[in-house]
file model08.cif (mmCIF, C-alpha atoms)
data_input
#
loop_
_atom_site.label_atom_id
_atom_site.label_comp_id
_atom_site.auth_asym_id
_atom_site.auth_seq_id
_atom_site.Cartn_x
_atom_site.Cartn_y
_atom_site.Cartn_z
CA MET A 295 171.69 15.11 14.12
CA ILE A 296 169.47 14.43 17.12
CA ASP A 297 167.49 11.19 16.78
CA VAL A 298 164.06 11.44 18.34
CA PRO A 299 162.66 7.88 18.44
CA LEU A 300 158.98 7.37 17.79
CA PRO A 301 156.94 6.11 20.76
CA ASP A 302 156.28 2.37 20.80
CA GLY A 303 152.57 3.10 20.45
CA VAL A 304 153.06 4.67 17.00
CA ALA A 305 154.73 1.54 15.65
CA ALA A 306 152.08 -0.61 17.32
CA VAL A 307 149.28 1.36 15.68
CA GLY A 308 150.87 0.80 12.26
CA LEU A 309 151.08 -2.97 12.84
CA VAL A 310 147.50 -3.14 14.09
CA ALA A 311 146.25 -1.17 11.06
CA ALA A 312 148.04 -3.53 8.68
CA GLY A 313 146.67 -6.52 10.53
CA LEU A 314 143.11 -5.21 10.40
CA LEU A 315 143.44 -4.63 6.65
CA LEU A 316 144.42 -8.26 6.06
CA VAL A 317 141.76 -9.57 8.46
CA ALA A 318 139.07 -7.58 6.65
CA LEU A 319 140.18 -8.93 3.29
CA GLY A 320 140.19 -12.49 4.67
CA ALA A 321 136.74 -12.03 6.16
CA LEU A 322 135.36 -10.78 2.87
CA VAL A 323 136.74 -13.71 0.90
CA GLY A 324 135.57 -16.06 3.66
CA VAL A 325 132.00 -14.80 3.34
CA LEU A 326 132.01 -15.54 -0.36
CA VAL A 327 133.56 -19.01 0.00
CA THR A 328 131.17 -20.00 2.81
CA ARG A 329 128.12 -18.90 0.87
CA GLY A 330 129.36 -20.73 -2.20
CA ARG A 331 129.63 -24.02 -0.25
CA ARG A 332 126.20 -23.85 1.39
CA GLY A 333 123.38 -25.82 -0.12
CA PRO A 334 120.32 -24.20 -1.67
CA GLY A 335 117.38 -23.10 0.44
CA PRO A 336 115.59 -19.91 1.36
CA ALA A 337 117.47 -19.60 4.68
CA VAL A 338 120.85 -19.19 2.96
CA ALA A 339 119.97 -18.00 -0.51
CA ALA A 340 121.84 -14.81 -1.42
CA VAL A 341 119.79 -11.80 -2.50
CA PRO A 342 120.94 -10.80 -6.00
CA GLN A 343 122.49 -7.33 -6.18
CA PRO A 344 122.31 -5.01 -9.22
CA ASP A 345 126.09 -5.21 -9.67
CA GLY A 346 126.26 -8.98 -9.26
CA LEU A 347 127.78 -8.94 -5.77
CA ASP A 348 126.62 -11.24 -3.00
CA ARG A 349 124.67 -9.42 -0.27
CA GLY A 350 127.16 -10.60 2.38
CA ALA A 351 130.05 -9.16 0.39
CA THR A 352 128.16 -5.85 0.13
CA GLU A 353 127.64 -5.75 3.90
CA VAL A 354 131.33 -6.40 4.59
CA LEU A 355 132.34 -3.65 2.16
CA ALA A 356 130.05 -1.18 3.93
CA ALA A 357 131.71 -1.97 7.28
CA LEU A 358 135.29 -1.43 6.12
CA ARG A 359 137.06 1.75 7.25
CA SER A 360 139.58 1.53 4.41
CA ALA A 361 138.81 2.89 0.96
CA ALA A 362 137.27 -0.10 -0.85
CA VAL A 363 136.59 -0.54 -4.56
CA VAL A 364 135.11 -3.53 -6.38
CA ALA A 365 135.74 -3.67 -10.12
CA GLU A 366 135.01 -6.04 -12.93
CA THR A 367 137.96 -7.92 -14.41
CA SER A 368 137.83 -5.39 -17.26
CA GLY A 369 138.69 -2.60 -14.78
CA LEU A 370 135.21 -1.06 -14.72
CA VAL A 371 134.22 0.03 -11.19
CA VAL A 372 130.95 -1.48 -9.93
CA ARG A 373 131.08 -0.49 -6.25
CA ALA A 374 133.14 2.08 -4.31
CA SER A 375 132.99 3.14 -0.68
CA PRO A 376 132.43 6.83 0.20
CA THR A 377 136.04 7.04 1.40
CA ALA A 378 137.33 5.88 -1.99
CA ARG A 379 135.42 8.67 -3.68
CA THR A 380 136.35 11.30 -1.09
CA VAL A 381 140.10 10.76 -1.51
CA GLY A 382 139.72 10.75 -5.30
CA LEU A 383 140.48 7.12 -6.13
CA VAL A 384 137.28 6.77 -8.16
CA ARG A 385 135.03 9.06 -10.19
CA ASP A 386 131.83 7.67 -11.71
CA ASP A 387 132.77 4.15 -12.84
CA ARG A 388 136.48 4.66 -13.53
CA PHE A 389 139.68 4.72 -11.50
CA GLN A 390 141.24 8.19 -11.42
CA HIS A 391 144.81 6.88 -11.29
CA PRO A 392 146.13 4.65 -14.09
CA VAL A 393 148.38 2.76 -11.66
CA LEU A 394 145.32 1.49 -9.74
CA GLU A 395 143.59 0.31 -12.90
CA ARG A 396 146.79 -1.41 -14.00
CA MET A 397 147.02 -3.26 -10.67
CA VAL A 398 143.40 -4.44 -11.03
CA LEU A 399 143.99 -5.67 -14.59
CA ASP A 400 147.19 -7.47 -13.55
CA VAL A 401 145.39 -9.28 -10.73
CA ALA A 402 142.51 -10.17 -13.06
CA GLY A 403 145.03 -11.53 -15.55
CA ASP A 404 146.98 -13.92 -13.32
CA GLY A 405 144.88 -14.13 -10.13
CA ARG A 406 147.84 -13.19 -7.95
CA ALA A 407 147.25 -10.57 -5.23
CA ARG A 408 149.28 -7.33 -5.20
CA ASP A 409 150.27 -5.17 -2.22
CA GLU A 410 152.07 -1.85 -2.83
CA GLU A 411 152.60 1.55 -1.22
CA LEU A 412 151.83 4.25 -3.77
CA GLU A 413 152.17 8.02 -3.92
CA LEU A 414 149.15 9.40 -5.76
CA PRO A 415 148.46 13.02 -6.79
CA ARG A 416 145.69 14.73 -4.85
CA SER A 417 144.11 16.20 -7.97
CA ALA A 418 144.55 16.59 -11.71
CA VAL A 419 145.69 20.20 -11.17
CA GLY A 420 148.89 18.96 -9.53
CA GLY A 421 150.63 19.54 -6.24
CA GLY A 422 150.34 17.45 -3.10
CA THR A 423 150.36 13.67 -2.82
CA LEU A 424 148.50 10.94 -0.96
CA VAL A 425 150.46 7.96 0.36
CA MET A 426 148.23 4.88 0.08
CA GLN A 427 148.89 1.26 1.03
CA VAL A 428 147.00 -0.59 -1.70
CA ARG A 429 146.00 -4.27 -1.61
CA VAL A 430 144.34 -5.86 -4.67
CA ALA A 431 142.96 -9.42 -4.85
CA MET A 432 140.35 -11.46 -6.72
CA LEU A 433 136.81 -11.40 -5.34
CA GLY A 434 135.14 -14.52 -6.72
CA ASP A 435 135.53 -15.28 -10.40
CA HIS A 436 134.30 -12.06 -11.97
CA HIS A 437 135.34 -9.23 -9.64
CA VAL A 438 138.50 -7.70 -8.21
CA LEU A 439 138.69 -6.05 -4.76
CA LEU A 440 140.95 -3.05 -4.07
CA LEU A 441 141.55 -1.89 -0.50
CA ALA A 442 143.53 1.31 0.15
CA GLU A 443 144.75 2.49 3.55
CA ASP A 444 145.72 6.18 3.81
CA ARG A 445 149.27 6.42 5.20
CA THR A 446 149.68 10.14 4.45
CA ALA A 447 149.39 11.20 8.10
CA ALA A 448 152.07 8.70 9.16
CA ARG A 449 154.45 10.01 6.52
CA ARG A 450 153.71 13.59 7.62
CA LEU A 451 154.68 12.75 11.21
CA GLU A 452 157.96 11.23 10.07
CA ALA A 453 158.75 14.34 8.01
CA ILE A 454 157.86 16.66 10.89
CA ARG A 455 160.23 14.92 13.29
CA ARG A 456 163.07 15.05 10.77
CA ASP A 457 162.48 18.59 9.51
CA PHE A 458 161.88 20.14 12.92
CA VAL A 459 165.28 18.96 14.20
CA VAL A 460 166.95 20.24 11.01
CA ASN A 461 165.18 23.60 11.25
CA ILE A 462 166.10 24.13 14.88
CA SER A 463 169.74 23.20 14.44
CA HIS A 464 170.14 25.15 11.19
CA GLU A 465 168.44 28.48 11.82
CA LEU A 466 167.69 29.22 15.46
CA LYS A 467 171.33 29.19 16.49
CA THR A 468 172.04 32.32 14.39
CA PRO A 469 169.74 34.83 16.16
CA VAL A 470 170.41 33.19 19.53
CA GLY A 471 174.16 33.65 19.00
CA ALA A 472 173.65 37.24 17.90
CA LEU A 473 171.64 38.01 21.05
CA ALA A 474 174.31 36.48 23.26
CA LEU A 475 177.04 38.53 21.56
CA LEU A 476 175.04 41.77 21.75
CA SER A 477 174.26 41.27 25.43
CA GLU A 478 177.99 40.90 26.17
CA THR A 479 178.66 44.07 24.19
CA VAL A 480 176.03 45.99 26.14
CA GLN A 481 177.56 44.80 29.38
CA ASP A 482 181.02 45.98 28.32
CA ALA A 483 179.60 49.37 27.25
CA ALA A 484 177.67 49.99 30.47
CA ASP A 485 179.36 53.39 30.89
CA ASP A 486 178.45 54.57 27.37
CA PRO A 487 174.70 55.37 27.19
CA ASP A 488 174.78 55.95 23.41
CA ALA A 489 176.37 52.54 22.77
CA VAL A 490 173.91 50.86 25.13
CA ARG A 491 170.95 52.37 23.27
CA ARG A 492 172.41 51.40 19.89
CA PHE A 493 173.11 47.79 20.85
CA ALA A 494 169.81 47.48 22.74
CA GLY A 495 168.01 48.47 19.53
CA ARG A 496 169.86 45.75 17.65
CA MET A 497 168.94 43.25 20.36
CA GLN A 498 165.28 44.15 19.91
CA THR A 499 165.60 43.59 16.17
CA GLU A 500 167.20 40.17 16.65
CA ALA A 501 164.60 39.23 19.28
CA ALA A 502 161.79 40.14 16.85
CA ARG A 503 163.48 38.10 14.11
CA LEU A 504 163.80 35.15 16.49
CA ALA A 505 160.14 35.37 17.48
CA ALA A 506 159.04 35.49 13.83
CA LEU A 507 161.28 32.54 12.98
CA VAL A 508 159.92 30.41 15.82
CA GLN A 509 156.34 31.29 14.83
CA GLU A 510 156.89 30.32 11.20
CA VAL A 511 158.68 27.07 12.10
CA ILE A 512 155.70 26.15 14.30
CA GLN A 513 153.27 27.11 11.54
CA LEU A 514 155.15 25.04 8.98
CA SER A 515 155.18 22.05 11.34
CA ARG A 516 151.43 22.36 11.85
CA LEU A 517 150.88 22.47 8.11
CA GLN A 518 152.66 19.16 7.79
CA VAL A 519 150.43 17.60 10.43
CA ALA A 520 147.02 18.90 9.37
CA ASP A 521 145.32 17.94 6.12
CA PRO A 522 142.89 20.69 5.06
CA LEU A 523 140.98 18.31 2.78
CA VAL A 524 140.00 15.95 5.61
CA ALA A 525 137.39 18.45 6.87
CA ALA A 526 137.27 20.61 3.75
CA ALA A 527 134.63 23.30 3.26
CA PRO A 528 133.73 25.32 0.15
CA VAL A 529 135.64 28.61 0.16
CA ALA A 530 135.08 31.55 -2.20
CA LEU A 531 138.39 33.01 -3.36
CA ALA A 532 136.80 36.48 -3.37
CA ASP A 533 136.76 36.33 0.43
CA VAL A 534 140.31 34.98 0.53
CA VAL A 535 141.97 37.63 -1.65
CA HIS A 536 140.11 40.56 -0.05
CA GLU A 537 140.96 39.38 3.47
CA ALA A 538 144.64 38.84 2.55
CA ALA A 539 144.84 42.24 0.85
CA ASP A 540 143.31 44.02 3.86
CA ARG A 541 145.95 42.47 6.13
CA ALA A 542 148.81 43.39 3.78
CA ARG A 543 147.79 47.03 3.28
CA THR A 544 149.28 48.20 6.59
CA ALA A 545 152.82 47.28 5.57
CA ALA A 546 152.17 48.52 2.03
CA ALA A 547 151.00 51.93 3.29
CA GLY A 548 154.29 52.37 5.12
CA LYS A 549 156.07 52.26 1.74
CA ALA A 550 153.34 54.12 -0.19
CA ILE A 551 152.64 50.96 -2.20
CA GLU A 552 149.16 50.51 -3.66
CA VAL A 553 147.53 47.06 -3.30
CA ASP A 554 144.97 46.61 -6.08
CA VAL A 555 142.54 43.66 -6.08
CA GLY A 556 140.81 42.86 -9.36
CA ALA A 557 137.25 41.52 -9.66
CA VAL A 558 136.91 37.86 -8.70
CA PRO A 559 134.70 35.49 -10.77
CA ARG A 560 131.58 34.31 -8.93
CA GLY A 561 132.41 30.67 -9.66
CA ALA A 562 135.87 30.86 -8.08
CA VAL A 563 135.12 28.40 -5.25
CA VAL A 564 137.55 25.76 -3.95
CA LEU A 565 137.56 23.13 -1.22
CA GLY A 566 139.81 23.59 1.77
CA SER A 567 140.61 25.88 4.69
CA PHE A 568 139.77 29.58 4.48
CA ASP A 569 142.42 30.56 7.07
CA LEU A 570 145.22 28.62 5.38
CA LEU A 571 144.40 30.02 1.95
CA VAL A 572 144.41 33.55 3.39
CA THR A 573 147.83 32.82 4.90
CA ALA A 574 149.19 31.70 1.52
CA VAL A 575 147.93 34.75 -0.40
CA ARG A 576 148.96 37.08 2.45
CA ASN A 577 152.51 35.67 2.37
CA LEU A 578 152.72 36.33 -1.36
CA LEU A 579 151.50 39.89 -0.87
CA ASP A 580 153.88 40.53 2.02
CA ASN A 581 156.75 39.20 -0.09
CA ALA A 582 155.74 41.45 -3.01
CA VAL A 583 155.57 44.51 -0.76
CA ALA A 584 158.90 43.74 0.94
CA TYR A 585 160.77 43.48 -2.36
CA SER A 586 159.09 46.41 -4.15
CA GLU A 587 160.30 49.99 -4.24
CA PRO A 588 158.25 52.73 -2.52
CA GLY A 589 155.51 54.27 -4.64
CA THR A 590 154.97 51.18 -6.83
CA ARG A 591 151.93 48.91 -7.19
CA VAL A 592 151.04 45.32 -6.25
CA ALA A 593 148.04 43.70 -7.96
CA VAL A 594 146.02 40.53 -7.38
CA GLY A 595 144.10 38.94 -10.24
CA THR A 596 141.85 35.86 -10.28
CA THR A 597 141.10 33.85 -13.44
CA LEU A 598 138.84 30.83 -13.99
CA ARG A 599 140.23 27.97 -16.09
CA PRO A 600 137.10 25.86 -16.70
CA GLU A 601 138.81 23.69 -19.31
CA ALA A 602 141.12 22.46 -16.53
CA ASP A 603 138.55 22.62 -13.67
CA ALA A 604 140.92 25.09 -12.01
CA VAL A 605 141.20 28.69 -10.83
CA GLU A 606 144.33 30.85 -10.70
CA VAL A 607 145.27 33.66 -8.31
CA ALA A 608 148.18 35.81 -9.48
CA VAL A 609 150.12 38.32 -7.36
CA VAL A 610 151.99 40.79 -9.56
CA ASP A 611 154.56 43.32 -8.36
CA GLN A 612 156.86 45.93 -9.86
CA GLY A 613 159.77 44.97 -7.63
CA ILE A 614 163.42 44.24 -8.15
CA GLY A 615 162.85 40.83 -9.76
CA ILE A 616 164.54 37.48 -9.16
CA PRO A 617 167.61 36.08 -10.96
CA THR A 618 166.84 33.14 -13.27
CA ASP A 619 169.27 30.82 -11.50
CA ALA A 620 167.48 31.40 -8.17
CA LEU A 621 163.98 30.45 -9.38
CA PRO A 622 164.33 26.63 -8.96
CA ARG A 623 165.21 27.03 -5.26
CA LEU A 624 162.80 29.82 -4.43
CA PHE A 625 160.34 27.66 -2.45
CA GLU A 626 162.98 25.82 -0.40
CA ARG A 627 163.01 26.35 3.36
CA PHE A 628 165.29 29.17 4.50
CA TYR A 629 166.46 29.93 0.97
CA ARG A 630 167.09 33.64 0.45
CA VAL A 631 168.01 35.18 -2.90
CA ASP A 632 169.72 38.11 -1.16
CA PRO A 633 170.53 37.34 2.51
CA ALA A 634 171.53 40.95 3.20
CA ARG A 635 168.22 42.32 1.89
CA SER A 636 166.34 39.61 3.81
CA ARG A 637 167.92 40.88 7.01
CA ASP A 638 166.79 44.41 6.14
CA THR A 639 163.21 43.31 5.39
CA GLY A 640 163.00 40.92 8.36
CA GLY A 641 162.49 37.89 6.13
CA THR A 642 162.92 34.41 7.60
CA GLY A 643 163.13 32.42 4.36
CA LEU A 644 160.01 30.40 5.27
CA GLY A 645 157.19 32.47 3.76
CA LEU A 646 157.28 30.97 0.26
CA SER A 647 157.81 27.48 1.68
CA ILE A 648 154.59 27.91 3.69
CA VAL A 649 152.80 29.02 0.50
CA LYS A 650 153.99 25.90 -1.31
CA HIS A 651 152.79 23.60 1.51
CA VAL A 652 149.37 25.25 1.78
CA VAL A 653 148.76 25.13 -1.98
CA ALA A 654 149.99 21.52 -2.31
CA ASP A 655 147.75 20.44 0.58
CA HIS A 656 144.80 21.90 -1.35
CA GLY A 657 145.69 19.85 -4.44
CA GLY A 658 147.21 22.78 -6.30
CA GLU A 659 150.55 24.20 -7.38
CA VAL A 660 152.37 27.53 -7.27
CA SER A 661 154.65 28.92 -9.97
CA VAL A 662 156.67 32.08 -10.52
CA TRP A 663 157.72 34.29 -13.43
CA SER A 664 160.28 37.02 -12.84
CA GLN A 665 162.71 39.28 -14.62
CA LEU A 666 165.36 41.42 -12.99
CA GLY A 667 164.27 45.03 -12.86
CA HIS A 668 160.74 44.25 -14.12
CA GLY A 669 159.06 42.59 -11.16
CA SER A 670 157.64 39.14 -10.44
CA THR A 671 154.37 37.26 -10.80
CA PHE A 672 153.47 34.41 -8.42
CA THR A 673 150.55 32.27 -9.60
CA VAL A 674 148.59 29.88 -7.38
CA ARG A 675 146.57 27.27 -9.29
CA LEU A 676 143.83 25.38 -7.38
CA PRO A 677 141.17 22.80 -8.37
CA LEU A 678 137.62 24.14 -8.43
CA ALA A 679 135.08 22.71 -6.00
CA PRO A 680 132.83 20.04 -7.60
CA ASP A 681 129.52 21.33 -8.96
CA THR A 682 127.70 18.74 -6.84
CA LEU A 683 128.34 20.71 -3.64
CA PRO A 684 125.28 22.52 -2.26
CA THR A 685 125.35 26.14 -3.37
CA ALA A 686 124.00 27.28 0.00
CA ALA A 687 127.02 25.82 1.77
CA ARG A 688 129.49 27.96 -0.14
CA ARG A 689 130.89 31.17 1.27
CA THR A 690 129.50 34.26 -0.43
CA ALA A 691 131.44 34.98 -3.61
CA GLY A 692 132.19 38.28 -5.26
CA PRO A 693 130.69 39.84 -8.40
CA PRO A 694 131.36 38.40 -11.87
CA ASP A 695 134.85 38.90 -13.23
CA GLU A 696 135.48 42.13 -15.07
CA GLY A 697 139.05 41.33 -15.92
CA ALA A 698 142.12 40.31 -13.97
CA ALA A 699 144.20 42.93 -12.22
CA ARG A 700 146.93 44.36 -14.39
#

call {"tool": "encode", "arguments": {"input": "model08.cif", "output": "structure tokens"}}
result
Amino acid sequence: MIDVPLPDGVAAVGLVAAGLLLVALGALVGVLVTRGRRGPGPAVAAVPQPDGLDRGATEVLAALRSAAVVAETSGLVVRASPTARTVGLVRDDRFQHPVLERMVLDVAGDGRARDEELELPRSAVGGGTLVMQVRVAMLGDHHVLLLAEDRTAARRLEAIRRDFVVNISHELKTPVGALALLSETVQDAADDPDAVRRFAGRMQTEAARLAALVQEVIQLSRLQVADPLVAAAPVALADVVHEAADRARTAAAGKAIEVDVGAVPRGAVVLGSFDLLVTAVRNLLDNAVAYSEPGTRVAVGTTLRPEADAVEVAVVDQGIGIPTDALPRLFERFYRVDPARSRDTGGTGLGLSIVKHVVADHGGEVSVWSQLGHGSTFTVRLPLAPDTLPTAARRTAGPPDEGAAR
């Protein structure tokens, strides 16, 4: 294993961020203590706030870059910064994660501050996590302050460094070795034109496989760095599935496979990246086409699940199916159910892993049903965009649903 040390600056940034978090907390408490010790008089009198907070405390909260939440000792939220609401820590006047409410109640019970690193789900739909450094302490006698620093990006960078080295050492050596061996064979067969043409063709195949592998490793690494919800935009799934289907039809036409897209509900709008969602659905379609027999059909259906504030996109094929014992490992990097068939189809073993990362980064999850000889169904489940988003900002959606593709 090659150890690639992090630059000193990365460690320094982490220490500075932790220091700023503690300084901000100390400053906030200091404001309250100082104002409590001052004598009465119009020059120092605090302006009462609707939630009972001192005006100075409110000003400090507004200046913090961390997600900040002030709650009553009962756990009821009275003030939350925009960041706290954006990352989903708070909705209305309640904490969205029971572990945060429990920390607040524990601090209110014994007055002792807590500091923990927590992994929190991105959404109620499931899939994807946020890594938050959470500090909770009393704020006066009747309130509790929660500060949360997002450490997700730092954890992503650590994973990228580790996984990239593993990916390079594990997979790239195979096509590189094959190319080296084939080039030696071509050199030895210089006097045999037929052999040269045959081995040159195999070299082109291996070179194409190597290029695809490098491209997907780079794409997977970028997915681990970028967070599509940081600069999320409303995206209509009608646009996503139609764009993905159009891109997949070229390969499908080569095998006389029909790609059928069912009607998409008008309310099927999610938050995230249009390009990444197209990549995820396109990978599922390419996978379905690659493992289906000529003359069959691949369908895409979209279904709203309003009771769960979610929407599902299902890709259904009539392919060879997947053995039951292979299903738990299907989304692992470089895992191939049938390595020999993967070589024939040009598969790298990264397509489904990319799908899993994209969906998880959008707060969703992907599942699979399959039966040997009867095809497979891959279902992507994503949280719907909040109704509070401006309708004009959403991408144009398709017509009302007339039934999922069958």

call {"tool": "atom_distance", "arguments": {"input": "model08.cif", "atom1": "atom CA of Gly657 of chain A", "atom2": "atom CA of Leu621 of chain A"}}
result
21.7 Å

call {"tool": "resolve_selection", "arguments": {"input": "model08.cif", "expression": "the PyMOL selection byres ((chain A and resi 610) around 8)", "output": "ChimeraX atom specification"}}
result
/A:582,592-594,608-609,611-612,669-672,700

call {"tool": "resolve_selection", "arguments": {"input": "model08.cif", "expression": "the PyMOL selection byres ((chain A and resi 413) around 10)", "output": "PyMOL selection string"}}
result
chain A and resi 410-412+414-416+422-427+445-446

call {"tool": "closest_atom_pairs", "arguments": {"input": "model08.cif", "of": "segment 563-587 of chain A", "to": "segment 529-535 of chain A", "cutoff": "7 Å", "atoms": "all atoms listed in the file", "output": "tab-separated table"}}
result
residue	atom	partner	partner_atom	distance
A:Val563	CA	A:Ala530	CA	4.4
A:Val564	CA	A:Val529	CA	5.4
A:Leu565	CA	A:Val529	CA	6.0
A:Gly566	CA	A:Val529	CA	6.7
A:Phe568	CA	A:Val529	CA	6.1
A:Leu571	CA	A:Val534	CA	6.6
A:Val572	CA	A:Val534	CA	5.2
A:Val575	CA	A:Val535	CA	6.7

call {"tool": "atom_distance", "arguments": {"input": "model08.cif", "atom1": "atom CA of Val401 of chain A", "atom2": "atom CA of Ala431 of chain A"}}
result
6.4 Å

call {"tool": "atom_distance", "arguments": {"input": "model08.cif", "atom1": "atom CA of Pro680 of chain A", "atom2": "atom CA of Phe389 of chain A"}}
result
17.2 Å

call {"tool": "closest_residue", "arguments": {"input": "model08.cif", "among": "A:Leu383, A:Glu443, A:Ala679, A:Phe625", "to": "Leu598 of chain A", "atoms": "all atoms listed in the file"}}
result
A:Ala679

call {"tool": "residues_near_point", "arguments": {"input": "model08.cif", "point": "(148.5, -11.2, -10.1)", "cutoff": "12 Å", "atoms": "only C-alpha atoms", "output": "MDAnalysis selection string"}}
result
chainID A and resid 367 396:409 429:432 438

call {"tool": "closest_residue", "arguments": {"input": "model08.cif", "among": "A:Arg492, A:Lys650, A:Arg503, A:His536", "to": "Arg627 of chain A", "atoms": "only C-alpha atoms"}}
result
A:Lys650

call {"tool": "closest_residue", "arguments": {"input": "model08.cif", "among": "A:Leu666, A:Tyr585, A:Val649, A:Ala526", "to": "Ala620 of chain A", "atoms": "all atoms listed in the file"}}
result
A:Leu666

call {"tool": "decode", "arguments": {"input": "model08.cif", "residues": "segment 431-442 of chain A", "atoms": "N, CA and C atoms", "output": "compact mmCIF listing (two decimals), in the first residue's frame"}}
result
# COMPACT_ATOMS: atom_id res chain seq x y z
N ALA A 431 -23.94 23.00 24.59
CA ALA A 431 -23.66 23.58 25.91
C ALA A 431 -24.84 24.45 26.32
N MET A 432 -24.93 24.71 27.65
CA MET A 432 -25.98 25.58 28.15
C MET A 432 -25.76 27.01 27.67
N LEU A 433 -26.86 27.72 27.42
CA LEU A 433 -26.84 29.12 27.02
C LEU A 433 -27.75 29.85 28.01
N GLY A 434 -27.16 30.36 29.09
CA GLY A 434 -27.96 30.94 30.16
C GLY A 434 -28.62 29.84 30.97
N ASP A 435 -29.75 30.18 31.57
CA ASP A 435 -30.43 29.22 32.44
C ASP A 435 -31.56 28.47 31.75
N HIS A 436 -32.04 29.00 30.63
CA HIS A 436 -33.25 28.44 30.04
C HIS A 436 -33.07 27.96 28.60
N HIS A 437 -31.86 28.07 28.06
CA HIS A 437 -31.65 27.67 26.67
C HIS A 437 -30.40 26.80 26.54
N VAL A 438 -30.37 26.04 25.46
CA VAL A 438 -29.23 25.18 25.14
C VAL A 438 -28.77 25.54 23.73
N LEU A 439 -27.44 25.67 23.55
CA LEU A 439 -26.87 26.01 22.25
C LEU A 439 -26.24 24.77 21.63
N LEU A 440 -26.55 24.52 20.35
CA LEU A 440 -25.94 23.43 19.58
C LEU A 440 -25.22 24.03 18.39
N LEU A 441 -23.93 23.73 18.28
CA LEU A 441 -23.13 24.14 17.13
C LEU A 441 -22.68 22.88 16.38
N ALA A 442 -22.82 22.88 15.06
CA ALA A 442 -22.45 21.71 14.26
C ALA A 442 -21.55 22.15 13.11
